[in-house]
Every structure is written in C-alpha cells, then in structure tokens.
file protein32.txt (compact mmCIF, C-alpha atoms)
# COMPACT_ATOMS: atom_id res chain seq x y z
CA MET A 1 11.95 12.90 18.73
CA ARG A 2 12.39 9.63 16.93
CA PRO A 3 11.33 9.05 13.32
CA LEU A 4 8.01 7.32 12.89
CA SER A 5 7.38 4.02 11.12
CA VAL A 6 8.06 3.14 7.49
CA VAL A 7 4.45 3.71 6.41
CA VAL A 8 4.43 7.29 7.65
CA ARG A 9 7.81 8.01 6.11
CA THR A 10 6.73 6.69 2.71
CA GLY A 11 3.56 8.76 2.79
CA CYS A 12 5.59 11.84 3.63
CA ASP A 13 7.97 11.14 0.72
CA LEU A 14 5.08 11.03 -1.73
CA PHE A 15 3.31 14.15 -0.50
CA ALA A 16 5.90 16.65 0.60
CA TRP A 17 6.93 18.23 -2.70
CA PHE A 18 3.34 18.35 -3.90
CA LEU A 19 2.59 20.76 -1.04
CA ILE A 20 5.17 23.26 -2.27
CA VAL A 21 3.83 23.13 -5.84
CA PHE A 22 0.27 23.60 -4.63
CA GLY A 23 1.22 26.54 -2.45
CA ALA A 24 3.16 28.21 -5.26
CA SER A 25 0.19 27.80 -7.62
CA ILE A 26 -2.12 29.53 -5.15
CA ILE A 27 0.36 32.40 -4.66
CA ILE A 28 1.14 33.05 -8.31
CA HIS A 29 -2.44 32.96 -9.62
CA GLY A 30 -3.35 35.46 -6.92
CA ASP A 31 -5.08 38.05 -9.08
CA VAL A 32 -7.13 35.69 -11.24
CA THR A 33 -8.55 33.02 -8.91
CA PRO A 34 -9.47 33.21 -5.21
CA GLY A 35 -6.46 32.86 -2.98
CA GLY A 36 -3.52 35.17 -2.90
CA GLY A 37 -0.48 35.74 -0.77
CA PHE A 38 -1.53 34.82 2.76
CA GLN A 39 -3.36 31.62 1.96
CA GLY A 40 -0.62 30.29 -0.31
CA GLY A 41 2.05 31.09 2.26
CA ALA A 42 0.24 29.13 4.95
CA VAL A 43 -0.04 26.10 2.65
CA ALA A 44 3.64 26.27 1.73
CA ALA A 45 4.65 26.35 5.40
CA THR A 46 3.20 22.91 6.06
CA PHE A 47 6.12 21.38 4.15
CA ILE A 48 8.52 21.78 7.08
CA THR A 49 5.84 20.66 9.55
CA LEU A 50 5.25 17.39 7.68
CA LEU A 51 8.99 16.68 7.52
CA LEU A 52 9.37 17.44 11.22
CA VAL A 53 6.60 15.05 12.23
CA ALA A 54 7.72 12.16 10.03
CA TYR A 55 11.49 12.26 10.35
CA GLY A 56 12.26 13.51 13.83
CA GLY A 57 14.12 16.58 14.98
CA LYS A 58 17.72 15.47 14.66
CA LYS A 59 17.54 14.65 10.95
CA VAL A 60 15.64 17.77 9.94
CA PHE A 61 18.07 20.06 11.75
CA SER A 62 20.95 18.38 9.96
CA TRP A 63 19.34 19.06 6.57
CA VAL A 64 18.24 22.67 6.93
CA ARG A 65 19.49 25.69 8.84
CA MET A 66 17.33 28.42 10.31
CA GLY A 67 19.10 31.10 8.28
CA ILE A 68 17.22 30.19 5.09
CA PHE A 69 13.84 31.09 6.55
CA ASN A 70 15.20 34.27 8.09
CA GLY A 71 16.38 35.28 4.62
CA MET A 72 12.98 34.55 3.07
CA LEU A 73 11.21 36.63 5.70
CA LEU A 74 13.48 39.65 5.29
CA PHE A 75 13.34 39.46 1.49
CA GLY A 76 9.54 39.51 1.53
CA LEU A 77 9.27 42.47 3.89
CA MET A 78 11.91 44.55 2.11
CA ALA A 79 10.35 43.92 -1.32
CA PHE A 80 6.93 44.99 -0.01
CA PHE A 81 8.27 48.24 1.41
CA LEU A 82 10.32 49.05 -1.68
CA LEU A 83 7.31 48.58 -3.94
CA GLY A 84 5.44 50.99 -1.73
CA LEU A 85 8.18 53.62 -1.69
CA MET A 86 8.64 53.54 -5.46
CA GLY A 87 5.27 55.19 -6.12
CA PHE A 88 6.35 58.31 -4.35
CA PRO A 89 5.71 61.34 -6.59
CA ASN A 90 2.00 60.45 -6.44
CA ALA A 91 1.43 58.62 -3.13
CA PHE A 92 2.73 55.85 -0.91
CA LEU A 93 1.66 52.40 -2.26
CA TYR A 94 0.56 53.89 -5.59
CA ASN A 95 0.09 51.34 -8.36
CA PHE A 96 2.56 52.75 -10.88
CA LEU A 97 2.74 49.66 -13.11
CA ALA A 98 -0.97 49.19 -13.82
CA ILE A 99 -2.32 49.27 -17.37
CA PRO A 100 -6.07 49.95 -17.85
CA HIS A 101 -8.23 47.25 -19.39
CA GLU A 102 -8.96 48.86 -22.77
CA VAL A 103 -5.29 49.50 -23.48
CA VAL A 104 -4.47 45.85 -22.70
CA GLN A 105 -7.07 44.59 -25.15
CA ALA A 106 -5.74 46.86 -27.91
CA THR A 107 -2.02 46.21 -27.41
CA GLY A 108 -0.46 43.46 -25.32
CA HIS A 109 1.51 43.58 -22.11
CA GLY A 110 5.04 42.51 -21.19
CA VAL A 111 6.29 40.05 -18.61
CA ILE A 112 4.67 41.82 -15.64
CA PRO A 113 0.88 41.16 -15.54
CA PRO A 114 -1.30 44.19 -16.26
CA SER A 115 -2.47 44.47 -12.67
CA GLY A 116 0.93 45.92 -11.81
CA THR A 117 2.14 45.91 -8.25
CA ILE A 118 -0.76 43.72 -7.05
CA ALA A 119 0.82 40.60 -8.54
CA LEU A 120 4.33 41.50 -7.34
CA MET A 121 3.17 42.22 -3.79
CA ASP A 122 1.34 38.86 -3.80
CA ILE A 123 4.57 36.98 -4.39
CA ALA A 124 6.49 39.00 -1.79
CA VAL A 125 3.87 38.45 0.92
CA GLY A 126 3.61 34.74 0.06
CA ILE A 127 7.34 34.19 0.52
CA GLU A 128 7.31 36.18 3.76
CA VAL A 129 4.41 34.29 5.36
CA ALA A 130 5.89 30.89 4.41
CA GLY A 131 9.20 31.78 6.04
CA ALA A 132 7.61 33.27 9.17
CA LEU A 133 5.35 30.28 9.91
CA SER A 134 8.21 27.82 9.37
CA ILE A 135 10.39 29.72 11.85
CA ILE A 136 7.58 29.67 14.44
CA VAL A 137 7.20 25.90 14.16
CA LEU A 138 10.95 25.23 14.31
CA SER A 139 11.48 27.54 17.30
CA MET A 140 8.69 25.95 19.29
CA PHE A 141 10.09 22.52 18.49
CA ARG A 142 13.57 23.43 19.59
CA GLY A 143 12.17 24.69 22.88
CA ILE A 144 10.99 21.20 23.81
CA ARG A 145 14.58 20.02 24.07
CA LEU A 146 15.22 22.42 26.91
CA PHE A 147 12.75 20.57 29.09
CA ARG A 148 14.14 17.11 28.68
CA GLU A 149 14.95 16.68 32.33
CA GLY A 150 11.48 17.74 33.45
CA PRO A 151 10.22 20.88 35.13
CA MET A 152 12.90 22.97 36.76
CA GLU A 153 12.83 25.21 39.76
CA GLU A 154 14.72 28.32 38.74
CA GLU A 155 14.89 29.86 35.30
CA SER A 156 17.84 29.17 33.13
CA GLY A 157 18.53 31.49 30.24
CA HIS A 158 18.07 35.25 30.26
CA ASP A 159 21.16 35.59 32.43
CA ARG A 160 23.61 37.34 30.20
CA MET B 1 -35.82 32.79 12.93
CA ILE B 2 -35.27 30.15 10.26
CA GLY B 3 -34.31 32.82 7.74
CA ASN B 4 -31.49 34.09 9.98
CA ALA B 5 -29.93 30.64 10.49
CA PRO B 6 -26.28 31.66 9.81
CA PHE B 7 -26.41 34.29 12.57
CA PHE B 8 -27.89 31.69 14.88
CA VAL B 9 -24.91 29.39 14.26
CA VAL B 10 -22.59 32.32 15.05
CA GLY B 11 -24.37 32.90 18.35
CA VAL B 12 -24.13 29.24 19.36
CA LEU B 13 -20.40 29.08 18.57
CA PHE B 14 -19.75 32.28 20.53
CA LEU B 15 -21.55 30.90 23.58
CA MET B 16 -19.64 27.62 23.37
CA GLY B 17 -16.33 29.45 23.34
CA LEU B 18 -17.29 31.68 26.26
CA VAL B 19 -18.59 28.82 28.42
CA GLY B 20 -15.42 26.87 27.62
CA ILE B 21 -13.25 29.68 28.99
CA PHE B 22 -15.18 29.87 32.24
CA MET B 23 -15.57 26.20 33.05
CA SER B 24 -12.24 24.64 32.03
CA LYS B 25 -9.57 23.47 34.39
CA ASN B 26 -6.80 22.81 31.90
CA LEU B 27 -4.86 25.63 30.24
CA ILE B 28 -4.82 23.93 26.82
CA LYS B 29 -8.62 23.71 26.80
CA ILE B 30 -8.80 27.43 27.51
CA ALA B 31 -6.55 28.09 24.50
CA ILE B 32 -8.80 25.96 22.28
CA ALA B 33 -11.89 27.86 23.49
CA VAL B 34 -10.24 31.20 22.65
CA SER B 35 -9.61 29.91 19.12
CA ILE B 36 -13.27 28.89 18.73
CA LEU B 37 -14.30 32.41 19.82
CA GLY B 38 -12.10 33.94 17.11
CA SER B 39 -13.58 31.68 14.45
CA ALA B 40 -17.13 32.64 15.41
CA VAL B 41 -16.40 36.34 14.90
CA ASN B 42 -14.81 35.66 11.49
CA ILE B 43 -17.89 33.74 10.32
CA PHE B 44 -20.07 36.66 11.45
CA LEU B 45 -18.06 39.13 9.38
CA VAL B 46 -18.35 37.07 6.21
CA ALA B 47 -22.07 36.35 6.72
CA LEU B 48 -22.86 40.05 7.04
CA GLY B 49 -21.83 40.77 3.49
CA TYR B 50 -24.21 38.55 1.54
CA ARG B 51 -26.53 39.86 -1.11
CA ALA B 52 -29.42 37.60 -2.09
CA GLY B 53 -28.67 36.03 -5.47
CA GLY B 54 -25.08 37.27 -5.64
CA THR B 55 -22.05 35.42 -6.98
CA ILE B 56 -18.36 35.24 -6.12
CA PRO B 57 -16.61 38.65 -6.52
CA VAL B 58 -14.11 37.40 -9.11
CA HIS B 59 -14.68 38.47 -12.71
CA PHE B 60 -13.07 35.32 -14.06
CA LEU B 61 -15.53 32.92 -12.42
CA ALA B 62 -18.74 34.92 -12.30
CA GLY B 63 -21.20 35.02 -15.17
CA GLU B 64 -22.32 38.06 -17.09
CA GLY B 65 -24.80 40.54 -15.67
CA THR B 66 -25.21 39.25 -12.11
CA THR B 67 -24.68 41.15 -8.90
CA MET B 68 -21.75 40.35 -6.65
CA VAL B 69 -21.61 39.94 -2.91
CA LEU B 70 -19.79 42.62 -0.89
CA PRO B 71 -16.01 42.08 -1.06
CA THR B 72 -14.90 44.36 1.78
CA PRO B 73 -15.82 42.10 4.76
CA GLN B 74 -13.91 39.27 3.11
CA ALA B 75 -10.79 41.42 2.92
CA MET B 76 -11.14 42.36 6.62
CA THR B 77 -11.55 38.69 7.57
CA LEU B 78 -8.22 37.79 5.92
CA THR B 79 -6.42 40.23 8.20
CA ALA B 80 -8.32 39.02 11.26
CA ILE B 81 -7.43 35.37 10.62
CA VAL B 82 -3.69 36.11 10.42
CA ILE B 83 -3.76 38.18 13.61
CA ALA B 84 -5.65 35.42 15.48
CA LEU B 85 -2.99 32.95 14.34
CA ALA B 86 -0.19 35.10 15.76
CA THR B 87 -2.07 35.43 19.07
CA THR B 88 -2.61 31.65 19.34
CA ALA B 89 1.06 30.92 18.65
CA LEU B 90 2.18 33.30 21.42
CA LEU B 91 -0.42 31.88 23.84
CA LEU B 92 0.79 28.31 23.30
CA SER B 93 4.43 29.34 23.80
CA LEU B 94 3.56 30.96 27.14
CA ILE B 95 1.71 27.80 28.20
CA MET B 96 4.85 25.78 27.47
CA LEU B 97 6.89 28.08 29.71
CA VAL B 98 4.28 27.88 32.50
CA TRP B 99 4.56 24.07 32.44
CA ARG B 100 8.30 24.27 32.67
CA HIS B 101 8.19 26.59 35.68
CA TYR B 102 5.36 25.11 37.75
CA GLY B 103 5.25 21.46 36.70
CA THR B 104 1.47 21.36 36.34
CA LEU B 105 -1.17 22.72 33.98
CA ASP B 106 -4.08 22.90 36.41
CA VAL B 107 -5.49 26.38 36.93
CA ASP B 108 -6.27 25.93 40.65
CA GLU B 109 -2.81 24.56 41.48
CA ILE B 110 -1.05 27.41 39.73
CA ARG B 111 -3.00 29.95 41.69
CA ARG B 112 -1.95 28.29 44.94
CA LEU B 113 1.75 27.76 44.27
CA ARG B 114 2.83 31.37 43.72
CA GLY B 115 6.32 30.43 42.59
CA MET C 1 -21.10 27.96 44.29
CA LYS C 2 -19.11 29.52 41.48
CA LYS C 3 -20.40 26.97 39.01
CA ILE C 4 -24.02 27.92 39.77
CA ILE C 5 -23.32 31.59 39.10
CA PHE C 6 -21.59 30.74 35.83
CA ILE C 7 -24.39 28.49 34.60
CA VAL C 8 -27.13 31.02 35.43
CA SER C 9 -25.29 33.84 33.72
CA ALA C 10 -24.62 31.61 30.69
CA ILE C 11 -28.36 30.92 30.38
CA ILE C 12 -29.17 34.64 30.59
CA LEU C 13 -26.51 35.40 27.98
CA GLY C 14 -27.94 32.69 25.73
CA ALA C 15 -31.42 34.21 25.91
CA LEU C 16 -30.02 37.65 25.06
CA VAL C 17 -28.09 36.27 22.08
CA VAL C 18 -31.19 34.54 20.69
CA GLY C 19 -33.14 37.79 21.06
CA ALA C 20 -30.41 39.72 19.25
CA VAL C 21 -30.31 37.26 16.36
CA ASP C 22 -34.04 37.68 15.78
CA ASN C 23 -33.84 41.46 15.52
CA ILE C 24 -30.84 41.77 13.24
CA ARG C 25 -31.23 42.70 9.58
CA PRO C 26 -32.63 39.77 7.51
CA PHE C 27 -29.97 37.60 5.95
CA GLY C 28 -29.24 38.69 2.39
CA GLU C 29 -30.19 42.38 2.46
CA PRO C 30 -27.26 44.49 3.59
CA GLY C 31 -28.89 47.82 2.72
CA ALA C 32 -26.95 50.51 0.89
CA ALA C 33 -23.23 49.89 0.33
CA PRO C 34 -21.79 52.74 -1.79
CA MET C 35 -18.12 51.95 -1.19
CA ASP C 36 -18.37 48.35 -2.39
CA ASP C 37 -20.26 49.37 -5.53
CA HIS C 38 -17.49 51.85 -6.26
CA PHE C 39 -14.85 49.09 -5.91
CA ILE C 40 -16.77 46.53 -8.00
CA ALA C 41 -17.42 48.97 -10.82
CA ARG C 42 -13.83 50.19 -11.09
CA ALA C 43 -11.55 47.25 -10.27
CA LEU C 44 -11.48 45.83 -13.80
CA THR C 45 -11.31 49.04 -15.85
CA GLU C 46 -8.73 50.98 -13.82
CA ARG C 47 -6.43 48.32 -12.34
CA SER C 48 -7.22 45.46 -14.78
CA SER C 49 -7.34 42.87 -12.02
CA GLU C 50 -10.04 40.22 -12.09
CA ASN C 51 -10.02 39.34 -8.40
CA VAL C 52 -11.75 42.20 -6.57
CA VAL C 53 -10.85 40.93 -3.08
CA THR C 54 -7.11 40.83 -3.81
CA SER C 55 -7.19 44.30 -5.33
CA ILE C 56 -8.86 45.60 -2.17
CA VAL C 57 -6.32 43.92 0.12
CA PHE C 58 -3.21 45.05 -1.76
CA ASP C 59 -4.16 48.20 -3.63
CA TYR C 60 -7.16 50.13 -2.36
CA ARG C 61 -6.46 49.27 1.28
CA GLY C 62 -2.78 48.43 1.18
CA PHE C 63 -1.98 50.23 4.42
CA ASP C 64 -3.85 47.64 6.48
CA THR C 65 -1.72 44.90 4.94
CA ILE C 66 1.44 46.63 6.13
CA GLY C 67 0.03 46.67 9.68
CA GLU C 68 -0.78 42.97 9.46
CA ALA C 69 2.73 42.10 8.27
CA ALA C 70 4.11 44.12 11.20
CA VAL C 71 1.94 42.17 13.68
CA LEU C 72 3.17 38.85 12.26
CA PHE C 73 6.78 39.97 12.49
CA THR C 74 6.37 41.15 16.09
CA ALA C 75 4.84 37.83 17.18
CA LEU C 76 7.72 36.01 15.52
CA CYS C 77 10.32 38.11 17.37
CA ALA C 78 8.56 37.47 20.70
CA ILE C 79 8.43 33.68 20.20
CA THR C 80 12.06 33.45 19.15
CA ALA C 81 13.11 35.51 22.15
CA LEU C 82 11.23 33.26 24.59
CA PHE C 83 13.05 30.08 23.63
CA ARG C 84 16.67 31.05 23.94
CA GLU C 85 19.25 29.47 26.19
CA GLY C 86 21.52 31.76 28.09
CA ARG C 87 25.05 30.97 29.08
CA LYS C 88 25.22 28.67 32.06
CA LYS C 89 26.91 30.15 35.10
CA GLN C 90 30.34 28.57 35.49
call {"tool": "encode", "arguments": {"input": "protein32.txt", "output": "structure tokens"}}
result
Amino acid sequence: MRPLSVVVRTGCDLFAWFLIVFGASIIIHGDVTPGGGFQGGAVAATFITLLLVAYGGKKVFSWVRMGIFNGMLLFGLMAFFLLGLMGFPNAFLYNFLAIPHEVVQATGHGVIPPSGTIALMDIAVGIEVAGALSIIVLSMFRGIRLFREGPMEEESGHDR
Amino acid sequence: MIGNAPFFVVGVLFLMGLVGIFMSKNLIKIAIAVSILGSAVNIFLVALGYRAGGTIPVHFLAGEGTTMVLPTPQAMTLTAIVIALATTALLLSLIMLVWRHYGTLDVDEIRRLRG
Amino acid sequence: MKKIIFIVSAIILGALVVGAVDNIRPFGEPGAAPMDDHFIARALTERSSENVVTSIVFDYRGFDTIGEAAVLFTALCAITALFREGRKKQ
C-alpha cells in the first residue's frame, strides 16, 4: 500500500501518541472510574492501525517487528496466571493483597493500591489485549500481499 | 408498549440482522449482519439489569444513599463483546481465503463452482 | 419462490417478537436480585475497590476472565496460522 497524502499524514502525526496516553489512562484508573483492562487495551491497539493506514505497509514493517507484540501478549498472560497461582493456600485467584476499607482509612497503604490484585490484573490484561489486537491487524494486512497476482487456482503454503 | 421501548429496539435490531443473513448475496454483507445480531443481544443483556431510579454502580461517581443498577449483566456483556470480536476477526479471515481460492464473493457462484 | 417464503416467515417472526416484547417484565423492575445486593454491599468494605463492575470481573468471577483470555488467544493462533507462506516447491 502506498502512503496517503500530506494532510492525512499530518493528522496522524498529531493524534497517534495521544491514543496511547488515553488508552493507558483508561487501563490504570481501572478500579476507580468505569473502564478497565479490556476497554483500554482496545483503545491502545488503534495506534498501530492508524499508522498502518496513513503510512503504508512497507514503512511500518521497517519500523516495528512482530516480536514486540508477541512479547506483550505472553507477558500479560503469564502475569495473570502467576497472580492467580500465588493465592494458593486459600484458593485459586484469591485476593491476597487486599486491605479492608476501615484499615485503609486508619493507616495508609503502600505503592500497590488497596484493592490488591484487581489493579495488577487490570494492567496485565490491558497489555495483553493491546498486543493481541495489534497482531491480528498486522497478520491480516500481511496476508493481502500474498494475493497480489490475483486469485490463484491451487493452494500455495501448507506444503511443508 | 411505550414503557418497554428499549426491548422493542432490541427486537427490531435482531430482526434486521436475521433478514440480512437470509437475503444477502455478498459474503461481506452476511458478516456485517452477524455483527449486528451480536450487538442486539448485548444491548438486551444490559437493558435487563435496570432498576428504576438507579445510578451508575461506581462508588466514586454515585451520590450518597441511592440504589444502584445491577452490575452483573454488565460484567457478562464485557466478556460477550470480546468473544464476538474474536469470531468476527476469524470470519473475515476466512472470507479473504475464499476470495483467493474462488475469485468471486457471490454466494450462488460459489455453490456452483465446487472447486 | 425462495424469497416469498423468506418474507412470509420474516413477517411471522416479527409478529411473534412484538408479542414477546409486550409480555416481558416492565422495564425497570427486575424483581429480586440477592446476588447483586450481596456484591454491592460488600465490594467497598472487603476489597476496598470503588468500581463494583471491575471487582466482579476480576475478583468475584475471575474464572470467567481466564476463559475469555483463552478464547482470544485461540482466535489469534488460528488467524496467524491461516496466513503463512509455505516453501515453494523447487
């Protein structure tokens, strides 16, 4: 695909980083305002889509490799499972970092918010969903290049 | 019937999606109709959990001493939206492969070619 | 011929849907909901989280969220496997 005109490219330059900041704000304030992990991850995945539409496929694939999003996806899933397995003497997915409301109002709390594993799981799921949706869009875009000579008769691929 | 207007909207959207699946000739239009069907069911789930005079189920934004709407259907709808998204992505990928193999996206032609 | 059958059955289905919407519970009165009252009363004092919906998704019903993450991962594997090029036969 070729890059679009100067107007579209300038608009993309102004907006693209704002999308990541907005998505991160929705993910991190997940246990205070409406939103949370899944919604923020979907907003943060539109960053790669906007770049792909405005700049064309060749430039975007020279800037970023697919391994980054694979790493984000695996990090999110592993963190979610580990937080579940760490509550094990009581139950699976037990909230072992939570502090009840009266204790928080008497004394303070540390770096981790008093809702415990809810806030940490929010961030893990947000990173995972952002990586997964970006990989879906990039894979479907790379599949267009296979058809450049038009519809084919027999199947290529799957013959290893 | 005027009091149940949200459920009426859900019924109309469901019928539009169903008629779109039956009467379309293009595969992309069938995929869009399936997506409309999924959205209608999600609206129905959220509209079932309304209490008259209730506020948003977040303690930070709600006032003091008011009742809240039911939060469990909203949690189920989050899961349903993500699963519908995964289904739509897989459906569109299969449509791309059908175009590459048959050369056309018309439902009647594909049934006749039998490649 | 097929179109006539589809249109007639769509009209019958439309009449049935309108009849069902009239007889459903009136909008705004969901009846008794003991589980949701339990969640609303206890989400702030036990877990100290102000968003009740997020605490249901990740804490009280966290097992459903694991299933949803698994579905997303499976769809991703299927899409990536469909768009691969094999080695061309020499």
call {"tool": "atom_distance", "arguments": {"input": "protein32.txt", "atom1": "CA of Gly67 (chain C)", "atom2": "CA of Ser139 (chain A)"}}
result
23.6 Å
call {"tool": "residues_around", "arguments": {"input": "protein32.txt", "residues": "Gly23 (chain A)", "least_positions_apart": "2", "cutoff": "7 Å", "atoms": "all atoms listed in the file", "output": "list in words"}}
result
Leu19, Ile20, Val21, Ser25, Ile26, Ile27, Gly40, Gly41, Val43 and Ala44 of chain A
call {"tool": "write_last_selection", "arguments": {"input": "protein32.txt", "atoms": "C-alpha atoms", "output": "PDB file, keeping the file's coordinate frame"}}
result
ATOM      1  CA  LEU A  19       2.590  20.760  -1.040  1.00  0.00           C
ATOM      2  CA  ILE A  20       5.170  23.260  -2.270  1.00  0.00           C
ATOM      3  CA  VAL A  21       3.830  23.130  -5.840  1.00  0.00           C
ATOM      4  CA  SER A  25       0.190  27.800  -7.620  1.00  0.00           C
ATOM      5  CA  ILE A  26      -2.120  29.530  -5.150  1.00  0.00           C
ATOM      6  CA  ILE A  27       0.360  32.400  -4.660  1.00  0.00           C
ATOM      7  CA  GLY A  40      -0.620  30.290  -0.310  1.00  0.00           C
ATOM      8  CA  GLY A  41       2.050  31.090   2.260  1.00  0.00           C
ATOM      9  CA  VAL A  43      -0.040  26.100   2.650  1.00  0.00           C
ATOM     10  CA  ALA A  44       3.640  26.270   1.730  1.00  0.00           C
TER      11      ALA A  44
END
call {"tool": "residues_around", "arguments": {"input": "protein32.txt", "residues": "Glu128 (chain A)", "least_positions_apart": "2", "cutoff": "7 Å", "atoms": "all atoms listed in the file", "output": "ChimeraX atom specification"}}
result
/A:72-73,76-77,124-126,130-132
call {"tool": "closest_atom_pairs", "arguments": {"input": "protein32.txt", "of": "region 31-70 of chain B", "to": "region 1-22 of chain B", "cutoff": "12 Å", "atoms": "only C-alpha atoms", "output": "tab-separated table"}}
result
residue	atom	partner	partner_atom	distance
B:Ala31	CA	B:Ile21	CA	8.2
B:Ile32	CA	B:Gly17	CA	8.4
B:Ala33	CA	B:Gly17	CA	4.7
B:Val34	CA	B:Gly17	CA	6.4
B:Ser35	CA	B:Gly17	CA	7.9
B:Ile36	CA	B:Gly17	CA	5.6
B:Leu37	CA	B:Gly17	CA	5.0
B:Gly38	CA	B:Phe14	CA	8.5
B:Ser39	CA	B:Leu13	CA	8.4
B:Ala40	CA	B:Val10	CA	5.5
B:Val41	CA	B:Val10	CA	7.4
B:Asn42	CA	B:Val10	CA	9.2
B:Ile43	CA	B:Val10	CA	6.8
B:Phe44	CA	B:Val10	CA	6.2
B:Leu45	CA	B:Val10	CA	10.0
B:Val46	CA	B:Pro6	CA	10.3
B:Ala47	CA	B:Pro6	CA	7.0
B:Leu48	CA	B:Phe7	CA	8.7
B:Gly49	CA	B:Pro6	CA	11.9
B:Tyr50	CA	B:Pro6	CA	11.0
B:Ala52	CA	B:Gly3	CA	12.0
call {"tool": "closest_residue", "arguments": {"input": "protein32.txt", "among": "A:Met121, A:Ala54, A:Val137, A:Leu97", "to": "Arg2 (chain A)", "atoms": "only C-alpha atoms"}}
result
A:Ala54
call {"tool": "atom_distance", "arguments": {"input": "protein32.txt", "atom1": "CA of Ala89 (chain B)", "atom2": "CA of Ala70 (chain C)"}}
result
15.5 Å
call {"tool": "atom_distance", "arguments": {"input": "protein32.txt", "atom1": "CA of Met1 (chain C)", "atom2": "CA of Lys25 (chain B)"}}
result
15.8 Å
call {"tool": "axis_aligned_box", "arguments": {"input": "protein32.txt", "around": "region 65-82 of chain A", "padding_each_side": "6 Å", "output": "AutoDock Vina command-line options"}}
result
--center_x 13.2 --center_y 37.4 --center_z 4.3 --size_x 24.6 --size_y 35.4 --size_z 24.0
call {"tool": "closest_residue", "arguments": {"input": "protein32.txt", "among": "B:Ala84, B:Val69, B:Trp99, B:Gln74", "to": "chain A", "atoms": "all atoms listed in the file"}}
result
B:Trp99
call {"tool": "interface_residues", "arguments": {"input": "protein32.txt", "of": "chain B", "to": "chain A", "cutoff": "7 Å", "atoms": "all atoms listed in the file", "output": "list of chain:residue names"}}
result
B:Phe60, B:Arg100, B:His101, B:Tyr102, B:Gly103
call {"tool": "build_atoms", "arguments": {"input": "protein32.txt", "residues": "region 36-48 of chain B", "atoms": "N, CA and C atoms", "output": "CSV table (one decimal), keeping the file's coordinate frame"}}
result
chain,number,residue,atom,x,y,z
B,36,ILE,N,-11.9,29.0,19.2
B,36,ILE,CA,-13.3,28.9,18.7
B,36,ILE,C,-14.0,30.2,18.7
B,37,LEU,N,-13.7,31.1,19.7
B,37,LEU,CA,-14.3,32.4,19.8
B,37,LEU,C,-13.9,33.3,18.6
B,38,GLY,N,-12.6,33.2,18.3
B,38,GLY,CA,-12.1,33.9,17.1
B,38,GLY,C,-12.8,33.5,15.8
B,39,SER,N,-13.0,32.2,15.7
B,39,SER,CA,-13.6,31.7,14.4
B,39,SER,C,-15.0,32.1,14.3
B,40,ALA,N,-15.7,32.2,15.5
B,40,ALA,CA,-17.1,32.6,15.4
B,40,ALA,C,-17.2,34.1,14.9
B,41,VAL,N,-16.3,34.9,15.3
B,41,VAL,CA,-16.4,36.3,14.9
B,41,VAL,C,-16.1,36.5,13.4
B,42,ASN,N,-15.1,35.6,12.9
B,42,ASN,CA,-14.8,35.7,11.5
B,42,ASN,C,-16.0,35.2,10.6
B,43,ILE,N,-16.7,34.2,11.1
B,43,ILE,CA,-17.9,33.7,10.3
B,43,ILE,C,-18.9,34.9,10.3
B,44,PHE,N,-19.1,35.6,11.4
B,44,PHE,CA,-20.1,36.7,11.4
B,44,PHE,C,-19.7,37.7,10.5
B,45,LEU,N,-18.4,38.1,10.3
B,45,LEU,CA,-18.1,39.1,9.4
B,45,LEU,C,-18.4,38.7,7.9
B,46,VAL,N,-18.1,37.5,7.6
B,46,VAL,CA,-18.4,37.1,6.2
B,46,VAL,C,-19.8,37.0,5.9
B,47,ALA,N,-20.6,36.5,6.9
B,47,ALA,CA,-22.1,36.4,6.7
B,47,ALA,C,-22.8,37.7,6.6
B,48,LEU,N,-22.2,38.8,7.1
B,48,LEU,CA,-22.9,40.0,7.0
B,48,LEU,C,-22.9,40.6,5.6
